[in-house]
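Peer 1: Got a structure here, written out as structure tokens. Questions coming.
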Amino acid sequence: MSISKTDTTGAQTVAPATIASVRGLKVHFRSKAGRVHAVDGVDFDVRDGETLGLVGETGCGKSVTGRAFLRLLPVPPGILAGGSVMFRPQTSCAGCGGEGCAQCGGSGRRPTPCPTCRGQGCPDCQGTGAETLDLLKVSDKKMRGIRGDRIAMIFQDPGKSLNPTLTIGEQLGEVFLQHRSADLLEEAGIDSGESGFQARALRRLAGQRDRRTDRMAAALWPPLRRRAQSVRQALDNRIAAALGETQIPNPRNIMRSYPHELSGGMRQRVMIAQALACDPDLIIADEPTTALDVTVQARILDLIGQLQAKRGSSVIYISHDLSVVRRICDRVAVMYAGRVVEIGETDQIFNDPRHPYTKGLLAAVPTTRTPRGKLAAIPGSVPELVDPKPSCRFADRCAHVHAACTASDPILSAVNPGHDVACFLEHPTSPKTEAAE
Amino acid sequence: MVNTNIDGAPTRRRQDSALRVRLRRGGELLRLILSNPTTVFGLILIFGMLGMALFAPWLTQPNTPDPYQMPRDWGALRMPPGTPGHPLGTTNTGGDVLYGVIWGSRTSLQLSIIVVGVTVVIGTAIGSIAGMVGGKVDEILMRIVDVFLSIPELIFALAIAAILGPSFTNIILSLCLVFWVKYARIMRAQIILVKQNDYVDAARVIGDSRLNIYFRDILPNAATPLVVQATLDMGAIVLIGATLSFIGLSESGIAEWGVLVSEGQAGIASGRWWASTFPGLMIFLWALAFNLLGDGLRDALDPRTESRR
């Protein structure tokens with residue numbers, strides 16, 4: 001269970017902390033026709049431990065938004081035109097050591113203290129005492145430290161996201177070599193204070209910077225070989241454990257096979273194992289089940305849910321599959337043409353949609369009661385995102401369009417607690433007649 | 001032994017090490033190559049000629065002081081094949097054709113290995129930089145490549161060799177200067193293609209460095225067409241080298257097939273066919289052998305040609 005959703009045990013209730021917030025994110029793409037405003041001012045928060053669904057049709061900017069968290073944008077031709085993606089990396093709670101206590105609100109994790117004031121509160125962290133990073137601005141080196149460790153990503157097509165020339169173990173091991181090399185050395189019984197040629201070689205072998213000479217020395221020189229083997233074993237144990245957590249049978253055999261020897265579901269499990277290997281705070285799942293068939297899909301979703309609950313990670317679930325989103329998400333943000341048009345609790349979005357686009361989207365989902373040959377669709381098509389004018393993006397497809405819609409941009413405003421909509425119909429002065437349905 | 005994995009698909013039980021998996025994979029590739037009779041024919045030819053180059057000092061008495069210089073038998077000019085001591089006859093100047101054919105395989109091997117080795121390294125480096133860095137760097141490098149490509153290879157190499165002066169070393173040098181361009185092009189295109197794969201993003205997502213991504217994820221997946229092209233060029237370069245030698249850009253008297261063809265061509269009209277024919281045949285066989293192997297490699301390595309197998 002994620003703690004943000006139902007934590008009503010009484011006075012101890014801690015307001016769900018925000019671990020990431022996107023503010024005014026703008027990603028544009030240069031094209032022959034002009035600037036394509038693929039993401040044009042997206043705002044939302046990700047709360048600690050929640051699953052946030054990001055839904056919308058193809059090309060609405062949901063994937064680009066997800067990728068912005070890892071700064072995985074194609075720049076150029078993409079242009080980061082503005083905004084920020086603030087992120088608070090978490091550490092294990094000192095009070096309970098990850099068990100969950102009142103101090104950390106039961107999650108077992110707390111924000112990393114701000115490095116300038118050590119948690120006292122200073123202008124750098126706006127008095128919160130927590131380290132807050134703007135993921136769009138941090139150095140490349142810092143970003144590399146965050147990728148795979150604090151923020152992970154699961155891709156759409158597991159068949160394409162594994163390198164065909166490396167074994168599963170070699171690819172998975174990279175995460176540990178990248179972020180956990182100190183732990184590997186410790187597990188292998190190598191003292192962190194040790195110096196000398198052997199220690200240097202072992203450190204390189206347990207990290208990313210191993211050299212051919214190290215491997216040769218480890219192969220040829222028996223004392224080094226034994227110790228290198230124990231590092232290798234520590235790594236293999238971790239890889240097998242990570243695979244085992246995703247319920248892959250025979251992890252020791254799987255890690256020696258190549259991606260083409262596995263089924264799609266197995267490959268996605270490997271990707272999930274890789275994403276969760278370092279207990280990330282935030283997992284970006286970009287349509288992780290689209291390439292899988294429906295029976296496997298359910299298992300993979302359950303798996304992500306279970307592992308997420310176990311670790312208290314937050315998940316941004318990017319999808320256009322509304323039924324899946326309804327099932328697994330705590331909150332949902334609906335995107336249209338590069339904007340978030342509606343955001344709220346899953347129940348609010350599905351039972352009380354306010355934005356005409358959300359209504360249309362929900363009506364378009366075929367059910368078993370939909371008569372044959374009759375599929376509801378929203379009339380018109382997605383607008384060109386080249387140099388848009390200031391107007392509601394949905395105006396020319398909307399049944400309730402009025403003068404204000406084409407004159408200016410609606411912004412997100414609350415209709416209910418926790419439920420924000422960007423639509424003039426929800427504005428106090430808008431013509432109410434059409435809005436009432 | 002078959003057991004079923006969690007998604008219901010059977011997986012083979014494997015107890016072997018990653019190394020053995022890799023070797024088995026290599027074995028599969030080898031079997032694929034060997035299943036094609038024309039490729040096997042090419043391989044046999046190549047091994048034959050490599051053997052000839054390797055055992056040259058035992059097959060013929062090496063000329064002193066420089067074995068790459070043709071021995072001159074001034075007592076046996078223009079002798080036809082079958083002459084005692086000169087099984088393939090002699091040239092106008094008393095050079096033993098058999099000696100030229102055998103030691104010529106050494107010069108050809110030198111030529112092709114040096115040129116292909118150097119150009120593959122240069123081409124891979126430049127193509128990789130262009131493909132990985134992109135932007136202005138890519139633009140500048142590729143315009144340089146365009147300049148090189150706008151001049152026909154042979155003419156360009158000829159011009160450079162002519163400027164440097166006639167010698168076999170200069171032929172090698174000029175070919176090195178000309179041939180890297182093709183590899184740079186192929187490598188850049190491959191890198192740009194491979195870079196778009198999700199697994200490259202996946203590697204970035206786990207925090208890999210760019211250099212590590214290049215060596216682990218990009219280069220191994222981009223190298224295949226380059227390997228095929230390099231194999232084909234092992235033959236093509238000997239052909240071009242021989243052409244340059246033929247028109248007199250290497251030292252005369254060197255045991256090189258192009259030079260021998262050139263020396264012998266004057267006699268063809270008078271019926272002395274042997275001095276040009278045997279070295280010419282060797283050039284042909286060399287080029288043919290590497291072309292067959294190159295085609296075989298392409299079929300084996302490129303999944304798109306699978307249906308044709």
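Here, A, B, ... name the chains of the structure tokens in the order displayed, residue numbers run from 1 inside each chain, and ligands are numbered from 1 in the same displayed order.
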Step one, run DSSP on the backbone; step two, keep only residues of stretch 38-247 of chain A assigned to strand (DSSP E); then write them as a PyMOL selection string.

Peer 2: chain A and resi 38-47+51-55+78-87+90-92+109-111+133-134+151-154

Peer 1: Using N, CA and C atoms, can you write the selected residues to a file as a compact mmCIF listing (two decimals), in the first residue's frame?

Peer 2:
# COMPACT_ATOMS: atom_id res chain seq x y z
N ALA A 38 6.18 20.88 -28.08
CA ALA A 38 5.78 19.52 -27.71
C ALA A 38 5.30 19.46 -26.26
N VAL A 39 6.04 20.12 -25.39
CA VAL A 39 5.62 20.24 -23.99
C VAL A 39 5.63 21.73 -23.71
N ASP A 40 4.50 22.27 -23.31
CA ASP A 40 4.39 23.72 -23.26
C ASP A 40 3.80 24.18 -21.94
N GLY A 41 4.61 24.13 -20.92
CA GLY A 41 4.16 24.61 -19.63
C GLY A 41 3.43 23.55 -18.83
N VAL A 42 4.15 22.48 -18.48
CA VAL A 42 3.52 21.41 -17.71
C VAL A 42 3.82 21.61 -16.23
N ASP A 43 2.79 21.50 -15.41
CA ASP A 43 2.95 21.60 -13.96
C ASP A 43 2.34 20.38 -13.30
N PHE A 44 3.09 19.71 -12.46
CA PHE A 44 2.48 18.73 -11.55
C PHE A 44 3.48 18.33 -10.48
N ASP A 45 2.97 17.74 -9.42
CA ASP A 45 3.83 17.26 -8.34
C ASP A 45 3.77 15.75 -8.30
N VAL A 46 4.85 15.14 -7.82
CA VAL A 46 4.82 13.71 -7.56
C VAL A 46 5.01 13.55 -6.06
N ARG A 47 4.04 12.88 -5.43
CA ARG A 47 4.13 12.71 -3.98
C ARG A 47 4.91 11.45 -3.65
N THR A 51 1.61 6.48 -7.10
CA THR A 51 1.71 6.18 -8.52
C THR A 51 0.91 7.24 -9.25
N LEU A 52 1.60 8.01 -10.05
CA LEU A 52 0.94 9.07 -10.79
C LEU A 52 0.81 8.62 -12.24
N GLY A 53 -0.41 8.62 -12.73
CA GLY A 53 -0.62 8.26 -14.12
C GLY A 53 -0.51 9.49 -15.00
N LEU A 54 0.17 9.34 -16.12
CA LEU A 54 0.27 10.44 -17.07
C LEU A 54 -0.40 9.93 -18.34
N VAL A 55 -1.60 10.42 -18.62
CA VAL A 55 -2.32 9.87 -19.77
C VAL A 55 -2.55 10.94 -20.82
N GLY A 78 15.77 19.06 -29.91
CA GLY A 78 14.92 19.56 -28.84
C GLY A 78 15.54 20.78 -28.17
N ILE A 79 14.70 21.63 -27.62
CA ILE A 79 15.19 22.78 -26.89
C ILE A 79 14.47 22.80 -25.55
N LEU A 80 15.24 22.88 -24.49
CA LEU A 80 14.63 23.06 -23.17
C LEU A 80 14.28 24.53 -23.06
N ALA A 81 13.02 24.85 -23.27
CA ALA A 81 12.66 26.26 -23.38
C ALA A 81 12.35 26.90 -22.04
N GLY A 82 12.30 26.11 -20.99
CA GLY A 82 12.05 26.74 -19.70
C GLY A 82 11.45 25.77 -18.71
N GLY A 83 11.28 26.26 -17.51
CA GLY A 83 10.67 25.45 -16.47
C GLY A 83 11.71 24.73 -15.64
N SER A 84 11.22 23.96 -14.69
CA SER A 84 12.14 23.24 -13.82
C SER A 84 11.54 21.90 -13.45
N VAL A 85 12.41 20.95 -13.17
CA VAL A 85 11.99 19.67 -12.63
C VAL A 85 12.74 19.52 -11.32
N MET A 86 12.07 19.84 -10.21
CA MET A 86 12.74 19.78 -8.91
C MET A 86 12.58 18.37 -8.35
N PHE A 87 13.65 17.90 -7.75
CA PHE A 87 13.64 16.53 -7.25
C PHE A 87 14.33 16.48 -5.90
N GLN A 90 15.98 10.84 -1.74
CA GLN A 90 15.66 10.34 -0.41
C GLN A 90 16.81 9.47 0.11
N THR A 91 16.90 9.41 1.42
CA THR A 91 17.82 8.45 2.03
C THR A 91 17.05 7.65 3.06
N SER A 92 17.64 6.57 3.48
CA SER A 92 17.00 5.74 4.50
C SER A 92 16.87 6.55 5.79
N ARG A 109 11.85 6.31 4.77
CA ARG A 109 12.81 7.13 4.02
C ARG A 109 12.56 8.60 4.30
N ARG A 110 13.61 9.36 4.25
CA ARG A 110 13.48 10.80 4.45
C ARG A 110 14.27 11.50 3.35
N PRO A 111 13.94 12.78 3.15
CA PRO A 111 14.70 13.52 2.14
C PRO A 111 16.17 13.64 2.53
N LEU A 133 17.09 19.32 -6.03
CA LEU A 133 17.89 19.48 -7.23
C LEU A 133 16.99 19.84 -8.40
N ASP A 134 17.44 20.78 -9.20
CA ASP A 134 16.73 21.01 -10.45
C ASP A 134 17.35 20.10 -11.49
N ILE A 151 16.64 7.81 -9.65
CA ILE A 151 15.53 7.79 -10.60
C ILE A 151 15.82 6.72 -11.64
N ALA A 152 14.86 5.87 -11.90
CA ALA A 152 15.07 4.82 -12.89
C ALA A 152 13.95 4.88 -13.91
N MET A 153 14.14 4.19 -15.01
CA MET A 153 13.14 4.24 -16.06
C MET A 153 12.91 2.85 -16.62
N ILE A 154 11.65 2.55 -16.91
CA ILE A 154 11.32 1.30 -17.59
C ILE A 154 10.78 1.69 -18.96

Peer 1: Fewer than 4 positions away in the same chain doesn't count, so skip those; otherwise give me all residues within 10 Å of B:Asp73, counting only C-alpha atoms, as an NGL selection string.

Peer 2: :B and (77 or 86 or 90-91 or 93-96)

Peer 1: Wanna dump the chain A-chain B contacts at 9 Å for me, each residue with its shortest atom pair and the distance in Å to one decimal, counting only C-alpha atoms, ordered by chain and number, as a tab-separated table?

Peer 2:
residue	atom	partner	partner_atom	distance
A:Leu70	CA	B:Val205	CA	6.9
A:Leu72	CA	B:Asp201	CA	7.4
A:Pro76	CA	B:Gly135	CA	8.3
A:Lys141	CA	B:Ser209	CA	8.9
A:Met143	CA	B:Gly207	CA	7.6
A:Arg144	CA	B:Gly207	CA	4.3
A:Gly145	CA	B:Gly207	CA	6.2
A:Ile146	CA	B:Gly207	CA	7.1
A:Arg147	CA	B:Gly207	CA	4.7
A:Gly148	CA	B:Ile206	CA	3.7
A:Asp149	CA	B:Ile206	CA	7.1
A:Ile151	CA	B:Val205	CA	8.3
A:Ala152	CA	B:Val205	CA	6.4
A:Met153	CA	B:Val205	CA	6.5
A:Ile154	CA	B:Ala202	CA	8.2
A:Phe155	CA	B:Ala202	CA	7.7
A:Gln156	CA	B:Asp198	CA	8.9
A:Asp157	CA	B:Asp198	CA	8.0
A:Pro158	CA	B:Asp198	CA	8.6
A:Gly159	CA	B:Asp198	CA	8.9
A:Lys160	CA	B:Asp198	CA	5.5
A:Ser161	CA	B:Tyr199	CA	3.8
A:Leu162	CA	B:Tyr199	CA	4.9
A:Asn163	CA	B:Tyr199	CA	5.5
A:Pro164	CA	B:Asn221	CA	8.0
A:Thr165	CA	B:Asn221	CA	7.1
A:Leu166	CA	B:Arg216	CA	8.2
A:Thr167	CA	B:Ala18	CA	7.4
A:Gly169	CA	B:Ala18	CA	8.9
A:Gln171	CA	B:Ala203	CA	8.4
A:Glu174	CA	B:Asp208	CA	7.8
A:Val175	CA	B:Ile206	CA	5.8
A:Gln178	CA	B:Gly207	CA	6.9
A:His179	CA	B:Gly207	CA	8.2
A:Gln208	CA	B:Asn212	CA	8.1
A:Arg209	CA	B:Asn212	CA	8.6
A:Gln247	CA	B:Ile6	CA	7.6
A:Ile248	CA	B:Ile6	CA	6.8
A:Pro249	CA	B:Asn5	CA	6.2
A:Asn250	CA	B:Arg13	CA	8.6
A:Arg252	CA	B:Gln15	CA	8.6
A:Asn253	CA	B:Arg14	CA	5.8
A:Ile254	CA	B:Arg14	CA	8.3
A:Met255	CA	B:Ala18	CA	8.7
A:Arg256	CA	B:Ala18	CA	5.4
A:Ser257	CA	B:Val21	CA	7.5
A:Tyr258	CA	B:Val21	CA	8.7
A:Glu261	CA	B:Thr11	CA	7.9
A:Leu262	CA	B:Thr11	CA	7.6
A:Ser263	CA	B:Ala9	CA	6.9
A:Gly264	CA	B:Asp7	CA	8.8
A:Gly265	CA	B:Asp7	CA	6.4
A:Met266	CA	B:Asp7	CA	7.2
A:Met271	CA	B:Ala202	CA	8.8
A:Gln274	CA	B:Ile206	CA	8.0
A:Ala275	CA	B:Ile206	CA	7.7
A:Thr295	CA	B:Asp7	CA	8.7
A:Val296	CA	B:Asp7	CA	6.7
A:Arg299	CA	B:Asp7	CA	8.9

Peer 1: Quick one: residues within 6 Å of stretch 155-171 of chain B, only C-alpha atoms counted, chain neighbours fewer than 5 positions away excluded, as an NGL selection string?

Peer 2: :B and (249-251)

Peer 1: Can you tell me how far atom CA of B:Pro225 sits from atom CA of B:Lys182, in Å to one decimal?

Peer 2: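 Here the two named atoms are 11.4 Å from each other.
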
Peer 1: Give me, as an mmCIF file with C-alpha atoms, in the first residue's frame, all polymer residues having an atom no more than 12 Å from B:Leu177, counting only C-alpha atoms and skipping those fewer than 2 positions away in the same chain.

Peer 2:
data_model
loop_
_atom_site.group_PDB
_atom_site.id
_atom_site.type_symbol
_atom_site.label_atom_id
_atom_site.label_comp_id
_atom_site.auth_asym_id
_atom_site.auth_seq_id
_atom_site.Cartn_x
_atom_site.Cartn_y
_atom_site.Cartn_z
ATOM 1 C CA ILE B 114 48.482 -2.212 -43.797
ATOM 2 C CA VAL B 115 46.015 -0.189 -45.854
ATOM 3 C CA VAL B 116 42.904 -1.852 -44.463
ATOM 4 C CA VAL B 118 45.203 1.883 -40.989
ATOM 5 C CA THR B 119 42.106 3.051 -42.833
ATOM 6 C CA VAL B 120 39.704 1.074 -40.637
ATOM 7 C CA ILE B 122 41.211 6.163 -38.932
ATOM 8 C CA GLY B 123 37.763 5.742 -40.451
ATOM 9 C CA VAL B 145 34.694 13.410 -46.315
ATOM 10 C CA PHE B 148 37.436 13.185 -50.607
ATOM 11 C CA LEU B 149 34.475 11.302 -52.023
ATOM 12 C CA GLU B 153 39.403 6.798 -55.385
ATOM 13 C CA LEU B 154 41.758 5.554 -58.057
ATOM 14 C CA PHE B 156 42.969 10.491 -56.101
ATOM 15 C CA ALA B 157 45.359 7.748 -55.003
ATOM 16 C CA LEU B 158 47.133 8.045 -58.327
ATOM 17 C CA ALA B 159 47.596 11.783 -57.906
ATOM 18 C CA ILE B 160 48.954 11.430 -54.377
ATOM 19 C CA ALA B 161 51.280 8.568 -55.337
ATOM 20 C CA ASN B 170 54.139 5.558 -51.434
ATOM 21 C CA ILE B 171 51.370 3.482 -52.988
ATOM 22 C CA ILE B 172 50.524 2.159 -49.526
ATOM 23 C CA LEU B 173 50.623 5.686 -48.121
ATOM 24 C CA SER B 174 48.432 7.137 -50.830
ATOM 25 C CA LEU B 175 45.851 4.367 -50.468
ATOM 26 C CA PHE B 179 40.452 4.816 -48.302
ATOM 27 C CA TRP B 180 39.587 5.887 -44.719
ATOM 28 C CA VAL B 181 36.816 8.093 -46.082
ATOM 29 C CA LYS B 182 34.525 5.212 -46.897
ATOM 30 C CA TYR B 183 34.872 3.727 -43.417
#
